[in-house]
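Worksheet for the structure shown next.
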Amino acid sequence: MRKLFKGSSGVVKISKGFGQKGYSLPPKPWLVVAWKEVLEAFRDRRTMLNVVLLPMILMPLVISLPTLMLSPKTIPPKIMVVVEDPRGMDLAKEIEALENSSEALVSIVTDGGNYTGLVLSGDVDLIVDIPEGFYENLSSGKTGRLIYYYDPYGARSSVAMGVVQRVVSEYSEEVLRRRLEAINLSEEYIKPIVSVAVQVTSTGEGATTGEVVTAMVLPMMVGLIAITGAGTFAIDMIAGERERKTLEALFTNPVSRGQLLLGKFGALTLLSLISGLATLFSALIGVGFAITSMSESLAAGSVPQLMEPSRLLYLTLGILITVALGGLTGNAVMITAASFAKTFKEAQQYVGFLTLILVVPMVAIPYAPQSFHPVLRVLPISSLAMFARDMIVNPGDLGAIATSLIASILYLIVFLWLSAKMFGRESVIFC
Amino acid sequence: MVAVEAISLTKAFGDLLAVRKLSFRVEEGTIFGLLGPNGAGKTTTLRMIYGVLKPTYGTAKVMGVDVRENPIEAKRKMGVLPEDTGVYPRLTAEENLVYFGKLRGMDEERLRKRIKELLDILNLTEKRFVVADKLSRGQKQKLAFARAILDEPPVLLLDEPTLGVDVMSAREIRKMIEEYAISGKTVILSTHNMWEVERLCDRIAIISEGTLRYEGSKEDLRRIAGKREFEDIFVRLVRGEVIEKAV
Ligand SMILES: Nc1ncnc2c1ncn2[C@@H]1O[C@H](COP(=O)(O)OP(=O)(O)OP(=O)(O)O)[C@@H](O)[C@H]1O
Ligand SMILES: [Mg+2]
């Protein structure tokens with residue numbers, strides 16, 4: 001049996017495990033360093049839990065939970081219809097039909113009792129009162145009034161209002177049609193203007209739900225991927241190694257700083273790729289959930305379509321380039337930050353602060369006005385998010401794509417150079 | 001032949017002059033003791049020689065290689081036991097050795113043989129698969145010592161090699177240091193243990209406040225001491241009292 005983690009005795013029960021593989025490593029120093037870093041990272045159960053397992057569980061929840069919770073199908077809201085006007089039973093039956101599509105649980109009563117108490121206690125999410133004289137008004141060409149009792153702070157109440165209102169407006173239109181017929185007027189007569197919305201996208205195709213969600217979520221994802229894993233591991237590899245006083249011994253070997261840094265950088269890239277893919281994968285699952293439940297509750301017609309294969313390939317390529325560049329840039333930034341700090345704690349503070357600085361542009365970009373885009377394409381970090389956005393939303397604008405790509409690569413080189421400078425400093429070895 | 005040469009080694013940490021124009025030579029095949037009280041500058045001196053601290057002034061040569069001009073080549077000639085052992089707590093005893101052996105470019109066969117041999121001699125074989133975190137202070141020290149002599153470098157630099165080690169293990173380490181020198185290699189060690197220096201070293205340098213107070217053979221020092229205790233003469237040298245006979 002292989003056991004990756006040390007037991008409480010400290011014995012690593014692997015006779016042919018990672019350690020033994022070290023013997024046969026090719027004598028390339030950076031590879032040896034990378035091997036040791038990955039080996040140590042896998043030994044550290046807590047880090048792996050935080051960086052790989054936790055996001056895999058949390059991401060789908062965070063992304064899909066709100067939509068799932070607000071979808072009436074997940075937990076149907078409870079609606080009580082109070083029929084005070086016996087001839088209003090028609091409408092009550094229409095509302096009751098919501099049960100068939102399991103969008104609500106409906107009960108019909110003739111005497112409501114304590115409305116306030118029922119709503120506040122949560123026994124009922126919405127009370128629809130059909131008052132006396134309702135039908136009389138309707139049939140005599142007047143306005144029939146319905147009274148809703150709901151909890152303005154309850155999400156479930158709003159959901160219930162939404163579904164009931166749909167039924168009521170259908171019913172109302174039906175009444176209108178009958179009234180118009182009676183006086184021989186066409187429906188068009190009372191609708192002098194109708195607006196028709198045409199989607200304008202640079203691809204010429206209508207945007208699918210999937211694309212819209214991806215365009216909004218992807219830049220944010222890139223930020224997360226570049227940063228979450230990398231920060232934790234970078235701290236451990238630089239500040240952690242110094243804190244454990246092993247950096248000095250490491251530097252006594254006949255290996256250049258460049259090779260040591262390259263090894264750490266290689267391991268960091270592999271590890272953040274693992275954590276990044278785990279995050280991306282679980283986020284996509286979350287987005288999938290969200291789309292499914294959204295499209296069910298929305299009006300028909302916005303069902304997500306599958307993308308064309310060529311477009312899918314293009315998108316995948318864009319995502320891969322962004323993730324790779326983002327990962328490398330994030331790693332370089334993190335190594336620089338971790339090298340700059342004198343202690344583990346300080347490194348954590350720098351990294352935490354940087355994470356915030358890196359994430360903010362990612363989150364903000366989907367909402368940035370068009371006129372900011374040229375500037376965002378050449379600013380550090382936001383250039384990456386813009387690249388991802390352009391690949392999805394403006395695939396035809398090669399100039400824009402090239403600008404953000406070149407800017408991102410230049411920043412990567414700058415950050416790499418900075419991390420090498422920082423790692424070489426004497427105070428990186430001794431606090 | 002001179003194995004290690006310190007040439008006006010000087011280190012300033014801000015306003016603090018930790019090491020002041022230190023010069024000495026160590027002959028090949030000898031054991032050289034750096035002796036001094038806490039904060040004297042022993043560790044700082046060694047760190048400059050093994051190339052992890054940049055001298056503010058001066059340099060050192062190891063087997064003829066200048067540590068400032070050609071640090072990688074110089075490091076190839078030195079095995080080091082730092083003050084803090086620098087053992088990786090999450091790696092097993094064996095992995096710690098494999099890591100450094102590989103970084104020093106040892107091939108698989110030689111590395112396997114050498115690790116087995118050293119773990120055996122130092123009574124660490126049963127700790128082979130134990131992560132270093134779970135080793136005792138002395139076991140870590142022995143592991144770090146094994147790591148320093150792994151690829152049998154011509155020069156060994158040991159910063160307090162027997163610190164925190166029990167009597168039996170200290171004796172083993174001292175024996176290995178002696179054998180290392182007998183095989184024609186050079187050892188520089190730092191300590192504040194007067195007795196250890198007397199037992200082990202051929203030549204001695206006494207430093208305090210970063211300044212060289214005495215440098216010479218063990219026999220010369222004994223002559224100066226005369227009937228007095230070694231410790232007594234050590235204390236006087238550290239205080240910087242001039243001892244005519246030493247010159
Ligand atoms: N990285 C550093 N930054 C600032 N001052 C330092 C640094 N390293 C050492 N010093 C100072 O330099 C002086 C010499 O320290 P060093 O560690 O060389 O002494 P030492 O002889 O090895 O002492 P010990 O016997 O306690 O190990 C001390 O005053 C110490 O405080
Ligand atoms: Mg010291």
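The way I read the labels, and the way they are meant: chains A, B, ... in the order of the structure tokens, residue 1 as the first residue of every chain, and ligand 1 as the first ligand shown, with later ones counted on from there.
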request  = Could you tell me, counting only C-alpha atoms and all ligand atoms, which protein and nucleic acid residues lie no more than 8 Å from ligand 1, written as a ChimeraX atom specification?
outcome  = /A:427,430-431 /B:13-14,16-19,36-45,83,159-160,190-192,208-210
inquiry  = So that I can check the surroundings of Glu215 (chain B), please list as a PyMOL selection string every protein, DNA and RNA residue that reaches within 9 Å of it, counting only C-alpha atoms and ignoring chain neighbours fewer than 4 positions away.
reply    = chain B and resi 24+203-207+221+246
Atoms to include: N, CA, C and O atoms. Write the selected residues as an mmCIF file, in the first residue's frame.
```
data_model
loop_
_atom_site.group_PDB
_atom_site.id
_atom_site.type_symbol
_atom_site.label_atom_id
_atom_site.label_comp_id
_atom_site.auth_asym_id
_atom_site.auth_seq_id
_atom_site.Cartn_x
_atom_site.Cartn_y
_atom_site.Cartn_z
ATOM 1 N N PHE B 24 43.362 34.443 7.416
ATOM 2 C CA PHE B 24 44.064 33.240 7.906
ATOM 3 C C PHE B 24 44.180 32.234 6.772
ATOM 4 O O PHE B 24 43.512 32.371 5.738
ATOM 5 N N ARG B 203 45.237 23.534 14.158
ATOM 6 C CA ARG B 203 45.483 24.971 14.332
ATOM 7 C C ARG B 203 44.219 25.646 14.842
ATOM 8 O O ARG B 203 43.109 25.170 14.619
ATOM 9 N N ILE B 204 44.430 26.765 15.504
ATOM 10 C CA ILE B 204 43.317 27.430 16.168
ATOM 11 C C ILE B 204 43.338 28.924 15.855
ATOM 12 O O ILE B 204 44.398 29.544 15.837
ATOM 13 N N ALA B 205 42.155 29.489 15.595
ATOM 14 C CA ALA B 205 42.027 30.940 15.515
ATOM 15 C C ALA B 205 41.030 31.355 16.580
ATOM 16 O O ALA B 205 39.965 30.762 16.692
ATOM 17 N N ILE B 206 41.408 32.333 17.373
ATOM 18 C CA ILE B 206 40.479 32.821 18.395
ATOM 19 C C ILE B 206 39.999 34.197 17.957
ATOM 20 O O ILE B 206 40.806 35.083 17.660
ATOM 21 N N ILE B 207 38.685 34.355 17.858
ATOM 22 C CA ILE B 207 38.150 35.668 17.492
ATOM 23 C C ILE B 207 37.161 36.139 18.539
ATOM 24 O O ILE B 207 36.490 35.337 19.191
ATOM 25 N N LEU B 221 49.837 27.452 21.422
ATOM 26 C CA LEU B 221 48.882 27.948 22.409
ATOM 27 C C LEU B 221 49.148 27.305 23.762
ATOM 28 O O LEU B 221 49.084 27.947 24.805
ATOM 29 N N ALA B 246 52.873 35.189 22.413
ATOM 30 C CA ALA B 246 52.131 34.686 21.257
ATOM 31 C C ALA B 246 52.709 35.201 19.945
ATOM 32 O O ALA B 246 52.576 34.574 18.907
#
```
Please build the interface table for chain B against chain A with a cut-off of 7 Å, listing for each qualifying residue the nearest atom pair and the distance in Å to one decimal; count only C-alpha atoms, order rows by chain and increasing number, and write it as JSON lines.
```
{"residue": "B:Tyr50", "atom": "CA", "partner": "A:Thr252", "partner_atom": "CA", "distance": 6.5}
{"residue": "B:Gly51", "atom": "CA", "partner": "A:Thr252", "partner_atom": "CA", "distance": 6.9}
{"residue": "B:Val52", "atom": "CA", "partner": "A:Phe251", "partner_atom": "CA", "distance": 6.4}
{"residue": "B:Leu53", "atom": "CA", "partner": "A:Glu426", "partner_atom": "CA", "distance": 6.6}
{"residue": "B:Ile72", "atom": "CA", "partner": "A:Pro254", "partner_atom": "CA", "distance": 4.6}
{"residue": "B:Glu73", "atom": "CA", "partner": "A:Pro254", "partner_atom": "CA", "distance": 6.7}
{"residue": "B:Lys75", "atom": "CA", "partner": "A:Pro254", "partner_atom": "CA", "distance": 4.9}
{"residue": "B:Arg76", "atom": "CA", "partner": "A:Pro254", "partner_atom": "CA", "distance": 5.1}
{"residue": "B:Val80", "atom": "CA", "partner": "A:Thr252", "partner_atom": "CA", "distance": 6.8}
{"residue": "B:Pro82", "atom": "CA", "partner": "A:Ala249", "partner_atom": "CA", "distance": 6.5}
{"residue": "B:Asp84", "atom": "CA", "partner": "A:Lys245", "partner_atom": "CA", "distance": 6.5}
{"residue": "B:Gly86", "atom": "CA", "partner": "A:Thr246", "partner_atom": "CA", "distance": 4.0}
{"residue": "B:Val87", "atom": "CA", "partner": "A:Thr246", "partner_atom": "CA", "distance": 6.2}
{"residue": "B:Tyr88", "atom": "CA", "partner": "A:Thr246", "partner_atom": "CA", "distance": 6.3}
{"residue": "B:Arg90", "atom": "CA", "partner": "A:Glu40", "partner_atom": "CA", "distance": 6.2}
{"residue": "B:Leu91", "atom": "CA", "partner": "A:Glu40", "partner_atom": "CA", "distance": 6.8}
{"residue": "B:Glu95", "atom": "CA", "partner": "A:Gly19", "partner_atom": "CA", "distance": 5.4}
{"residue": "B:Val98", "atom": "CA", "partner": "A:Tyr23", "partner_atom": "CA", "distance": 6.4}
{"residue": "B:Tyr99", "atom": "CA", "partner": "A:Val32", "partner_atom": "CA", "distance": 7.0}
{"residue": "B:Lys102", "atom": "CA", "partner": "A:Pro27", "partner_atom": "CA", "distance": 6.1}
{"residue": "B:Leu103", "atom": "CA", "partner": "A:Pro29", "partner_atom": "CA", "distance": 5.4}
{"residue": "B:Arg104", "atom": "CA", "partner": "A:Asn253", "partner_atom": "CA", "distance": 6.3}
{"residue": "B:Gly105", "atom": "CA", "partner": "A:Pro27", "partner_atom": "CA", "distance": 5.6}
{"residue": "B:Glu108", "atom": "CA", "partner": "A:Tyr23", "partner_atom": "CA", "distance": 5.4}
{"residue": "B:Phe129", "atom": "CA", "partner": "A:Val12", "partner_atom": "CA", "distance": 5.5}
{"residue": "B:Val130", "atom": "CA", "partner": "A:Val11", "partner_atom": "CA", "distance": 4.3}
{"residue": "B:Val131", "atom": "CA", "partner": "A:Gly10", "partner_atom": "CA", "distance": 5.5}
{"residue": "B:Lys134", "atom": "CA", "partner": "A:Gly10", "partner_atom": "CA", "distance": 6.0}
```
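Here CA of Ala146 (chain B) is placed at a distance of 29.2 Å from CA of Ile7 (chain B).
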request  = Pick out the residues sitting within 9 Å of region 169-176 of chain B, and hand them over as a list in words; count only C-alpha atoms, and ignore anything fewer than 4 positions along from it in its own chain.
outcome  = Ile121, Leu122, Gly138, Gln139, Lys142, Phe145, Pro161, Thr162, Leu163, Gly164, Val165, Tyr180, Ala181, Glu196 and Leu200 of chain B
task = From region 10-225 of chain B, collect each residue whose DSSP state is helix (DSSP H, G or I) and return the set as JSON, numbers by chain.
result = {"B": [42, 43, 44, 45, 46, 47, 48, 49, 71, 72, 73, 74, 75, 76, 93, 94, 95, 96, 97, 98, 99, 100, 101, 102, 103, 108, 109, 110, 111, 112, 113, 114, 115, 116, 117, 118, 119, 120, 121, 125, 126, 127, 132, 133, 134, 137, 138, 139, 140, 141, 142, 143, 144, 145, 146, 147, 148, 167, 168, 169, 170, 171, 172, 173, 174, 175, 176, 177, 178, 179, 180, 181, 182, 194, 195, 196, 197, 198, 199, 200, 218, 219, 220, 221, 222, 223, 224, 225]}
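You can rank B:Leu189, B:Met78, B:Ala148, B:Gly29 by their closest distance to ligand 2 using only C-alpha atoms and all ligand atoms, and at the top of that list sits B:Leu189.
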message = So that I can see what lies close to Val4 (chain B), please list as number ranges by chain the residues with an atom at most 12 Å from it, counting only C-alpha atoms and leaving out residues fewer than 4 positions away in the same chain.
response = B: 23-32, 46, 49-50, 59-67, 74, 77-78, 154-157, 185-188
Any chance you can output those residues with C-alpha atoms as a PDB file, in the first residue's frame?
```pdb
ATOM      1  CA  SER B  23      42.827  36.801   7.384  1.00  0.00           C
ATOM      2  CA  PHE B  24      44.064  33.240   7.906  1.00  0.00           C
ATOM      3  CA  ARG B  25      45.217  30.216   5.962  1.00  0.00           C
ATOM      4  CA  VAL B  26      44.288  26.595   6.424  1.00  0.00           C
ATOM      5  CA  GLU B  27      46.623  23.891   5.150  1.00  0.00           C
ATOM      6  CA  GLU B  28      45.249  20.903   3.301  1.00  0.00           C
ATOM      7  CA  GLY B  29      44.647  17.838   5.453  1.00  0.00           C
ATOM      8  CA  THR B  30      44.362  19.773   8.716  1.00  0.00           C
ATOM      9  CA  ILE B  31      41.566  20.588  11.121  1.00  0.00           C
ATOM     10  CA  PHE B  32      41.205  24.297  11.803  1.00  0.00           C
ATOM     11  CA  LEU B  46      32.000  30.788   7.809  1.00  0.00           C
ATOM     12  CA  ILE B  49      33.516  31.483   3.065  1.00  0.00           C
ATOM     13  CA  TYR B  50      30.746  29.112   2.015  1.00  0.00           C
ATOM     14  CA  THR B  59      37.283  37.543  -0.059  1.00  0.00           C
ATOM     15  CA  ALA B  60      38.177  33.903   0.488  1.00  0.00           C
ATOM     16  CA  LYS B  61      39.722  31.232  -1.678  1.00  0.00           C
ATOM     17  CA  VAL B  62      38.812  27.569  -1.447  1.00  0.00           C
ATOM     18  CA  MET B  63      41.193  25.126  -3.164  1.00  0.00           C
ATOM     19  CA  GLY B  64      42.427  28.122  -5.141  1.00  0.00           C
ATOM     20  CA  VAL B  65      38.940  29.195  -6.249  1.00  0.00           C
ATOM     21  CA  ASP B  66      37.793  32.693  -5.296  1.00  0.00           C
ATOM     22  CA  VAL B  67      34.357  32.455  -3.665  1.00  0.00           C
ATOM     23  CA  ALA B  74      33.923  27.097  -4.966  1.00  0.00           C
ATOM     24  CA  LYS B  77      34.596  22.014  -3.246  1.00  0.00           C
ATOM     25  CA  MET B  78      32.836  22.559   0.097  1.00  0.00           C
ATOM     26  CA  PRO B 154      37.856  18.384  -0.261  1.00  0.00           C
ATOM     27  CA  VAL B 155      36.845  21.024   2.291  1.00  0.00           C
ATOM     28  CA  LEU B 156      34.385  20.654   5.147  1.00  0.00           C
ATOM     29  CA  LEU B 157      32.920  23.657   6.971  1.00  0.00           C
ATOM     30  CA  LYS B 185      40.846  16.535   3.382  1.00  0.00           C
ATOM     31  CA  THR B 186      40.464  19.826   5.170  1.00  0.00           C
ATOM     32  CA  VAL B 187      38.061  20.716   7.980  1.00  0.00           C
ATOM     33  CA  ILE B 188      37.178  24.109   9.435  1.00  0.00           C
TER      34      ILE B 188
END
```
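Pairwise distance (CA of Ile274 (chain A), CA of Leu412 (chain A)) equals 20.2 Å.
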note = Pairwise distance, CA of Leu97 (chain B) with CA of Leu35 (chain B), equals 29.0 Å
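You can rank B:Leu34, B:Glu198, B:Leu124, B:Val2 by their closest distance to ligand 2 using only C-alpha atoms and all ligand atoms, and at the top of that list sits B:Leu34.
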